[in-house]
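Dumped final_10.pdb below, it's PDB, C-alpha atoms:
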```pdb
ATOM      1  CA  MET A 152      77.893  90.359  88.516
ATOM      2  CA  PRO A 153      79.347  88.527  85.498
ATOM      3  CA  MET A 154      83.048  88.819  84.731
ATOM      4  CA  ARG A 155      84.288  89.283  81.193
ATOM      5  CA  GLY A 156      87.833  88.799  79.940
ATOM      6  CA  ARG A 157      90.275  87.563  77.332
ATOM      7  CA  VAL A 158      91.480  83.957  77.524
ATOM      8  CA  TRP A 159      94.938  82.484  78.024
ATOM      9  CA  LYS A 160      94.642  78.723  77.559
ATOM     10  CA  PHE A 161      96.833  76.056  79.129
ATOM     11  CA  GLY A 162      96.679  72.258  79.259
ATOM     12  CA  ASP A 163      96.245  69.577  81.904
ATOM     13  CA  ASN A 164      98.143  69.159  85.174
ATOM     14  CA  ILE A 165      99.471  72.709  85.463
ATOM     15  CA  ASP A 166     101.170  72.398  88.819
ATOM     16  CA  THR A 167     102.090  75.057  91.325
ATOM     17  CA  ASP A 168     105.768  74.833  90.289
ATOM     18  CA  VAL A 169     104.730  75.925  86.798
ATOM     19  CA  ILE A 170     102.385  78.629  88.071
ATOM     20  CA  ILE A 171     105.135  80.145  90.224
ATOM     21  CA  PRO A 172     108.531  78.413  90.069
ATOM     22  CA  ALA A 173     110.088  77.500  93.418
ATOM     23  CA  ARG A 174     113.102  79.747  92.761
ATOM     24  CA  TYR A 175     110.834  82.775  93.381
ATOM     25  CA  LEU A 176     109.456  81.597  96.709
ATOM     26  CA  VAL A 177     111.967  83.727  98.596
ATOM     27  CA  THR A 178     109.344  86.484  98.587
ATOM     28  CA  ILE A 179     105.718  86.819  99.548
ATOM     29  CA  ASP A 180     105.298  90.147  97.731
ATOM     30  CA  PRO A 181     102.366  89.630  95.330
ATOM     31  CA  GLN A 182     103.666  92.088  92.725
ATOM     32  CA  GLU A 183     107.071  90.420  92.591
ATOM     33  CA  LEU A 184     105.444  86.982  92.282
ATOM     34  CA  ALA A 185     103.229  88.313  89.480
ATOM     35  CA  GLN A 186     106.309  89.171  87.416
ATOM     36  CA  HIS A 187     107.143  85.451  87.204
ATOM     37  CA  VAL A 188     103.723  83.827  86.975
ATOM     38  CA  MET A 189     103.568  81.003  84.390
ATOM     39  CA  GLU A 190     107.046  81.869  83.073
ATOM     40  CA  ASP A 191     108.228  78.255  82.797
ATOM     41  CA  ILE A 192     105.323  77.397  80.483
ATOM     42  CA  ASP A 193     105.001  80.780  78.719
ATOM     43  CA  PRO A 194     107.931  83.158  79.316
ATOM     44  CA  GLU A 195     105.936  86.112  77.916
ATOM     45  CA  PHE A 196     102.753  85.539  79.929
ATOM     46  CA  ALA A 197     103.560  87.894  82.809
ATOM     47  CA  SER A 198     104.453  90.752  80.469
ATOM     48  CA  LYS A 199     101.425  90.265  78.197
ATOM     49  CA  VAL A 200      98.603  89.389  80.586
ATOM     50  CA  GLN A 201      96.225  92.294  81.146
ATOM     51  CA  PRO A 202      94.025  93.112  84.124
ATOM     52  CA  GLY A 203      90.764  91.236  83.725
ATOM     53  CA  ASP A 204      92.164  88.385  81.627
ATOM     54  CA  ILE A 205      91.089  84.807  82.339
ATOM     55  CA  ILE A 206      93.141  81.618  82.504
ATOM     56  CA  VAL A 207      91.500  78.530  81.003
ATOM     57  CA  ALA A 208      93.070  75.130  81.625
ATOM     58  CA  GLY A 209      92.425  71.416  81.499
ATOM     59  CA  ARG A 210      92.255  68.870  84.281
ATOM     60  CA  ASN A 211      93.884  69.134  87.711
ATOM     61  CA  PHE A 212      94.916  72.798  87.582
ATOM     62  CA  GLY A 213      97.050  73.757  90.585
ATOM     63  CA  CYS A 214      98.234  70.271  91.472
ATOM     64  CA  GLY A 215     101.513  69.835  93.316
ATOM     65  CA  SER A 216     102.468  71.602  96.504
ATOM     66  CA  SER A 217      99.968  73.450  98.650
ATOM     67  CA  ARG A 218     101.744  76.801  98.350
ATOM     68  CA  GLU A 219      99.505  79.838  98.549
ATOM     69  CA  HIS A 220     101.956  81.691  96.300
ATOM     70  CA  ALA A 221     100.371  80.189  93.165
ATOM     71  CA  PRO A 222      96.900  81.780  93.333
ATOM     72  CA  ILE A 223      98.436  84.949  94.802
ATOM     73  CA  ALA A 224     100.744  85.283  91.768
ATOM     74  CA  ILE A 225      97.836  84.708  89.367
ATOM     75  CA  LYS A 226      95.609  87.275  91.052
ATOM     76  CA  ALA A 227      98.406  89.828  91.404
ATOM     77  CA  ALA A 228      99.110  89.514  87.662
ATOM     78  CA  GLY A 229      95.588  90.818  87.052
ATOM     79  CA  VAL A 230      93.896  87.541  86.151
ATOM     80  CA  GLN A 231      90.310  87.835  87.345
ATOM     81  CA  ALA A 232      89.342  84.141  87.192
ATOM     82  CA  VAL A 233      90.516  80.651  86.304
ATOM     83  CA  VAL A 234      88.248  78.261  84.409
ATOM     84  CA  ALA A 235      89.331  74.629  84.285
ATOM     85  CA  GLU A 236      88.008  71.125  83.780
ATOM     86  CA  SER A 237      89.014  70.438  87.383
ATOM     87  CA  PHE A 238      91.207  71.852  90.149
ATOM     88  CA  ALA A 239      93.470  70.352  92.752
ATOM     89  CA  ARG A 240      91.434  70.748  95.936
ATOM     90  CA  ILE A 241      94.073  72.659  97.918
ATOM     91  CA  PHE A 242      94.603  75.106  95.037
ATOM     92  CA  PHE A 243      90.836  75.595  94.809
ATOM     93  CA  ARG A 244      90.609  76.414  98.510
ATOM     94  CA  ASN A 245      93.668  78.691  98.453
ATOM     95  CA  ALA A 246      92.207  80.573  95.473
ATOM     96  CA  ILE A 247      88.853  81.099  97.203
ATOM     97  CA  ASN A 248      90.650  82.187 100.391
ATOM     98  CA  ILE A 249      92.322  85.068  98.508
ATOM     99  CA  GLY A 250      89.223  85.954  96.476
ATOM    100  CA  LEU A 251      90.303  84.485  93.116
ATOM    101  CA  PRO A 252      87.270  82.946  91.381
ATOM    102  CA  VAL A 253      87.919  79.401  90.152
ATOM    103  CA  VAL A 254      85.249  77.774  88.009
ATOM    104  CA  GLU A 255      84.882  74.219  86.766
ATOM    105  CA  ALA A 256      83.370  74.076  83.274
ATOM    106  CA  PRO A 257      84.787  71.106  81.304
ATOM    107  CA  GLU A 258      82.828  71.617  78.085
ATOM    108  CA  ALA A 259      83.651  75.325  77.960
ATOM    109  CA  VAL A 260      87.347  74.520  78.401
ATOM    110  CA  ARG A 261      87.338  72.048  75.512
ATOM    111  CA  GLU A 262      85.714  74.588  73.164
ATOM    112  CA  THR A 263      87.685  77.695  74.178
ATOM    113  CA  GLU A 264      90.855  78.995  72.543
ATOM    114  CA  THR A 265      93.500  81.513  73.551
ATOM    115  CA  GLY A 266      92.249  84.971  72.614
ATOM    116  CA  ASP A 267      88.549  84.158  73.023
ATOM    117  CA  GLU A 268      86.522  86.355  75.321
ATOM    118  CA  LEU A 269      84.512  84.698  78.087
ATOM    119  CA  GLU A 270      81.748  85.913  80.314
ATOM    120  CA  ILE A 271      81.580  84.079  83.647
ATOM    121  CA  ASP A 272      78.626  84.189  86.018
ATOM    122  CA  THR A 273      79.522  82.401  89.260
ATOM    123  CA  GLU A 274      76.121  83.093  90.821
ATOM    124  CA  ASN A 275      74.195  81.375  88.027
ATOM    125  CA  GLY A 276      76.913  78.869  87.155
ATOM    126  CA  THR A 277      77.493  79.730  83.499
ATOM    127  CA  VAL A 278      80.372  80.471  81.169
ATOM    128  CA  ARG A 279      79.624  82.091  77.816
ATOM    129  CA  ASN A 280      82.126  82.203  74.963
ATOM    130  CA  LEU A 281      81.530  85.498  73.159
ATOM    131  CA  ARG A 282      83.337  84.285  70.015
ATOM    132  CA  THR A 283      81.066  81.277  69.527
ATOM    133  CA  GLY A 284      78.002  82.572  71.350
ATOM    134  CA  LYS A 285      77.720  79.286  73.269
ATOM    135  CA  THR A 286      76.830  79.168  76.949
ATOM    136  CA  TYR A 287      78.074  76.331  79.146
ATOM    137  CA  LYS A 288      77.101  74.993  82.559
ATOM    138  CA  ALA A 289      79.736  75.737  85.182
ATOM    139  CA  SER A 290      80.221  75.212  88.881
ATOM    140  CA  GLN A 291      78.067  77.506  90.952
ATOM    141  CA  TYR A 292      79.098  79.020  94.273
ATOM    142  CA  ASP A 293      76.905  78.866  97.341
ATOM    143  CA  GLU A 294      76.210  82.122  99.196
ATOM    144  CA  PHE A 295      79.107  81.602 101.638
ATOM    145  CA  ILE A 296      81.704  81.294  98.840
ATOM    146  CA  GLN A 297      80.095  84.170  96.913
ATOM    147  CA  HIS A 298      80.492  86.363  99.989
ATOM    148  CA  ILE A 299      84.192  85.460 100.262
ATOM    149  CA  ILE A 300      84.792  86.228  96.563
ATOM    150  CA  ARG A 301      82.874  89.535  96.704
ATOM    151  CA  ALA A 302      84.844  90.551  99.801
ATOM    152  CA  GLY A 303      88.156  89.881  98.050
ATOM    153  CA  GLY A 304      89.093  86.885 100.190
ATOM    154  CA  LEU A 305      88.434  85.086 103.439
ATOM    155  CA  LEU A 306      90.157  87.596 105.733
ATOM    156  CA  ASN A 307      88.178  90.490 104.255
ATOM    157  CA  ALA A 308      84.943  88.487 104.570
ATOM    158  CA  VAL A 309      85.624  87.824 108.254
ATOM    159  CA  ARG A 310      86.464  91.498 108.842
ATOM    160  CA  GLU A 311      83.197  92.541 107.136
ATOM    161  CA  ARG A 312      81.159  90.168 109.281
ATOM    162  CA  LEU A 313      82.863  91.375 112.481
ATOM    163  CA  ALA A 314      82.326  95.012 111.540
ATOM    164  CA  ALA A 315      78.649  94.349 110.779
ATOM    165  CA  ARG A 316      78.259  92.575 114.097
ATOM    166  CA  GLN A 317      79.889  95.445 115.978
ATOM    167  CA  ALA A 318      77.778  98.024 114.142
ATOM    168  CA  ALA A 319      74.668  96.081 115.141
ATOM    169  CA  GLY A 320      75.790  96.159 118.771
ATOM    170  CA  GLY A 321      76.726  92.479 118.891
ATOM    171  CA  SER A 322      79.637  91.000 120.732
ATOM    172  CA  GLN A 323      82.916  90.135 119.122
TER     173      GLN A 323
END
```
Please lay out the structure from this file as C-alpha coordinates.
Amino acid sequence: MPMRGRVWKFGDNIDTDVIIPARYLVTIDPQELAQHVMEDIDPEFASKVQPGDIIVAGRNFGCGSSREHAPIAIKAAGVQAVVAESFARIFFRNAINIGLPVVEAPEAVRETETGDELEIDTENGTVRNLRTGKTYKASQYDEFIQHIIRAGGLLNAVRERLAARQAAGGSQ
(Lines of atoms letter the chains of each structure in order from A and count residues from 1; the text may use other names and numbers.)
(Lines give C-alpha, C1' and ligand atoms only; values in the text may rest on other atoms or scores of the structure.)
Protein backbone atom coordinates (compact mmCIF):
# COMPACT_ATOMS: atom_id res chain seq x y z
CA MET A 1 0.00 0.00 0.00
CA PRO A 2 1.49 3.38 -0.95
CA MET A 3 2.53 5.81 1.77
CA ARG A 4 1.78 9.50 1.49
CA GLY A 5 3.32 12.30 3.53
CA ARG A 6 4.77 15.78 3.79
CA VAL A 7 8.50 16.26 3.16
CA TRP A 8 11.29 17.49 5.40
CA LYS A 9 14.40 17.83 3.24
CA PHE A 10 18.01 17.55 4.38
CA GLY A 11 21.35 17.43 2.56
CA ASP A 12 24.18 14.95 2.08
CA ASN A 13 26.07 12.99 4.73
CA ILE A 14 23.51 13.30 7.53
CA ASP A 15 25.25 11.16 10.11
CA THR A 16 23.85 9.34 13.10
CA ASP A 17 25.26 12.01 15.45
CA VAL A 18 23.06 14.56 13.69
CA ILE A 19 20.03 12.27 13.63
CA ILE A 20 20.29 11.66 17.38
CA PRO A 21 23.13 13.45 19.18
CA ALA A 22 25.35 11.26 21.37
CA ARG A 23 24.40 13.23 24.50
CA TYR A 24 20.96 11.54 24.37
CA LEU A 25 22.24 7.99 24.12
CA VAL A 26 21.79 7.48 27.86
CA THR A 27 18.30 6.18 27.07
CA ILE A 28 16.79 3.61 24.77
CA ASP A 29 13.24 4.94 25.23
CA PRO A 30 11.97 5.67 21.69
CA GLN A 31 9.69 8.53 22.77
CA GLU A 32 12.49 10.30 24.61
CA LEU A 33 14.83 9.86 21.62
CA ALA A 34 12.11 11.25 19.34
CA GLN A 35 12.08 14.51 21.30
CA HIS A 36 15.67 15.17 20.15
CA VAL A 37 15.69 13.77 16.62
CA MET A 38 17.53 16.03 14.13
CA GLU A 39 17.84 18.82 16.71
CA ASP A 40 21.45 19.70 15.86
CA ILE A 41 20.51 20.37 12.22
CA ASP A 42 16.97 21.70 12.80
CA PRO A 43 16.16 22.52 16.44
CA GLU A 44 12.42 22.75 15.66
CA PHE A 45 12.14 19.47 13.73
CA ALA A 46 11.04 17.28 16.64
CA SER A 47 8.31 19.71 17.69
CA LYS A 48 7.01 20.27 14.15
CA VAL A 49 7.23 16.85 12.52
CA GLN A 50 3.84 15.16 12.23
CA PRO A 51 2.94 11.48 12.11
CA GLY A 52 3.21 10.32 8.52
CA ASP A 53 5.80 12.89 7.43
CA ILE A 54 8.72 11.82 5.24
CA ILE A 55 12.40 12.71 5.44
CA VAL A 56 14.14 13.31 2.11
CA ALA A 57 17.92 13.58 2.03
CA GLY A 58 20.93 13.46 -0.24
CA ARG A 59 23.78 10.98 -0.39
CA ASN A 60 24.99 8.73 2.43
CA PHE A 61 22.12 9.27 4.88
CA GLY A 62 22.83 7.62 8.24
CA CYS A 63 26.60 7.47 7.93
CA GLY A 64 28.72 7.42 11.06
CA SER A 65 28.28 5.04 13.95
CA SER A 66 26.15 1.92 13.73
CA ARG A 67 23.81 2.97 16.54
CA GLU A 68 20.28 1.67 16.27
CA HIS A 69 19.08 4.77 18.11
CA ALA A 70 19.04 6.81 14.88
CA PRO A 71 16.29 4.98 12.96
CA ILE A 72 14.44 4.35 16.23
CA ALA A 73 14.35 8.11 16.94
CA ILE A 74 13.14 8.85 13.40
CA LYS A 75 10.37 6.26 13.53
CA ALA A 76 9.30 7.23 17.05
CA ALA A 77 8.98 10.86 15.91
CA GLY A 78 6.28 9.70 13.49
CA VAL A 79 8.30 9.75 10.28
CA GLN A 80 6.90 6.99 8.10
CA ALA A 81 9.75 6.73 5.57
CA VAL A 82 13.11 8.14 4.51
CA VAL A 83 13.88 8.78 0.85
CA ALA A 84 17.51 9.47 -0.03
CA GLU A 85 19.97 9.36 -2.89
CA SER A 86 21.82 6.68 -0.93
CA PHE A 87 22.09 5.26 2.59
CA ALA A 88 24.93 4.08 4.75
CA ARG A 89 24.52 0.30 4.66
CA ILE A 90 24.34 -0.22 8.43
CA PHE A 91 21.70 2.52 8.78
CA PHE A 92 19.72 0.91 5.96
CA ARG A 93 19.77 -2.46 7.69
CA ASN A 94 18.95 -1.00 11.12
CA ALA A 95 16.00 0.89 9.60
CA ILE A 96 14.61 -2.24 7.93
CA ASN A 97 15.11 -4.21 11.16
CA ILE A 98 12.77 -1.82 13.02
CA GLY A 99 10.28 -1.52 10.16
CA LEU A 100 11.22 1.98 8.94
CA PRO A 101 10.97 2.09 5.13
CA VAL A 102 14.09 3.55 3.49
CA VAL A 103 13.97 4.19 -0.24
CA GLU A 104 16.68 5.18 -2.68
CA ALA A 105 15.39 7.54 -5.38
CA PRO A 106 18.13 10.00 -6.45
CA GLU A 107 16.14 11.89 -9.09
CA ALA A 108 13.15 12.32 -6.79
CA VAL A 109 15.43 13.70 -4.07
CA ARG A 110 16.94 16.29 -6.42
CA GLU A 111 13.49 17.53 -7.49
CA THR A 112 11.76 17.52 -4.09
CA GLU A 113 11.48 20.44 -1.68
CA THR A 114 10.53 20.76 1.97
CA GLY A 115 6.75 20.92 2.19
CA ASP A 116 6.10 18.82 -0.92
CA GLU A 117 3.88 15.79 -0.54
CA LEU A 118 5.20 12.43 -1.74
CA GLU A 119 3.55 9.13 -2.42
CA ILE A 120 5.89 6.16 -2.02
CA ASP A 121 5.18 2.67 -3.30
CA THR A 122 7.88 0.28 -2.08
CA GLU A 123 6.28 -2.73 -3.79
CA ASN A 124 6.39 -1.15 -7.25
CA GLY A 125 9.48 0.96 -6.63
CA THR A 126 8.09 4.43 -7.29
CA VAL A 127 8.03 7.83 -5.66
CA ARG A 128 5.51 10.39 -6.89
CA ASN A 129 5.74 14.09 -6.05
CA LEU A 130 2.15 15.33 -5.75
CA ARG A 131 3.21 18.98 -6.19
CA THR A 132 4.86 18.39 -9.56
CA GLY A 133 2.92 15.30 -10.62
CA LYS A 134 6.17 13.54 -11.56
CA THR A 135 6.79 9.89 -10.79
CA TYR A 136 10.32 8.60 -10.21
CA LYS A 137 11.92 5.16 -10.17
CA ALA A 138 12.92 4.10 -6.68
CA SER A 139 14.45 1.08 -5.01
CA GLN A 140 12.04 -1.81 -4.78
CA TYR A 141 11.89 -4.27 -1.90
CA ASP A 142 11.88 -8.00 -2.42
CA GLU A 143 9.15 -10.03 -0.69
CA PHE A 144 11.33 -10.79 2.35
CA ILE A 145 11.98 -7.09 3.09
CA GLN A 146 8.34 -6.21 2.35
CA HIS A 147 7.27 -8.77 4.95
CA ILE A 148 9.61 -7.24 7.55
CA ILE A 149 8.29 -3.71 6.84
CA ARG A 150 4.63 -4.81 6.92
CA ALA A 151 5.24 -6.62 10.22
CA GLY A 152 6.74 -3.49 11.78
CA GLY A 153 10.27 -4.87 12.02
CA LEU A 154 12.37 -8.00 12.02
CA LEU A 155 11.37 -9.25 15.48
CA ASN A 156 7.67 -8.95 14.65
CA ALA A 157 8.23 -10.73 11.32
CA VAL A 158 9.95 -13.63 13.08
CA ARG A 159 7.17 -13.82 15.67
CA GLU A 160 4.54 -13.89 12.88
CA ARG A 161 6.34 -16.70 11.08
CA LEU A 162 6.70 -18.73 14.30
CA ALA A 163 3.04 -18.23 15.16
CA ALA A 164 1.99 -19.30 11.66
CA ARG A 165 4.19 -22.36 11.91
CA GLN A 166 2.73 -23.30 15.29
CA ALA A 167 -0.83 -22.74 14.06
CA ALA A 168 -0.11 -25.06 11.14
CA GLY A 169 1.12 -27.72 13.56
CA GLY A 170 4.79 -27.31 12.65
CA SER A 171 7.69 -27.51 15.01
CA GLN A 172 9.38 -24.52 16.52
Legend entry - the PyMOL selection byres ((chain A and resi 220) around 10) applied to the shown file, residues as an MDAnalysis selection string: chainID A and resid 167:168 170:173 175:176 178:181 184:185 188 217:219 221:226 242 245:246
Inset, instruction - Evaluate the PyMOL selection byres ((chain A and resi 230-241) around 8) and record the selected residues as a PyMOL selection string, following the chain and residue labels used in the document. - result: chain A and resi 154+156+200-214+217+225-229+242-245+251-258+260
Take the PyMOL selection byres ((chain A and resi 269) around 7), run it mentally on this structure, and tell me the resulting residues as a CSV table (one decimal) with C-alpha atoms, keeping the file's coordinate frame.
```csv
chain,number,residue,atom,x,y,z
A,155,ARG,CA,84.3,89.3,81.2
A,156,GLY,CA,87.8,88.8,79.9
A,157,ARG,CA,90.3,87.6,77.3
A,267,ASP,CA,88.5,84.2,73.0
A,268,GLU,CA,86.5,86.4,75.3
A,270,GLU,CA,81.7,85.9,80.3
A,271,ILE,CA,81.6,84.1,83.6
A,278,VAL,CA,80.4,80.5,81.2
A,279,ARG,CA,79.6,82.1,77.8
A,280,ASN,CA,82.1,82.2,75.0
A,281,LEU,CA,81.5,85.5,73.2
```
Produce the centre coordinates and the three edge lengths, each in Å to one decimal, of the box along x, y and z that contains all listed atoms of segment 155-172 of chain A with 5 Å added on each side, as JSON.
```
{"center_x": 96.4, "center_y": 79.2, "center_z": 84.3, "size_x": 34.2, "size_y": 30.1, "size_z": 24.0}
```
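Coordinates place atom CA of Leu306 of chain A at a distance of 23.1 Å from atom CA of Asp272 of chain A.
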Inset, instruction - Just give me the gap between atom CA of Gly250 of chain A and atom CA of Leu313 of chain A in Å, one decimal is fine. - result: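 Computing the Euclidean distance for atom CA of Gly250 of chain A and atom CA of Leu313 of chain A yields 18.1 Å.
One distance worth recording is that between atom CA of Ile249 of chain A and atom CA of Asn307 of chain A, which is 8.9 Å.
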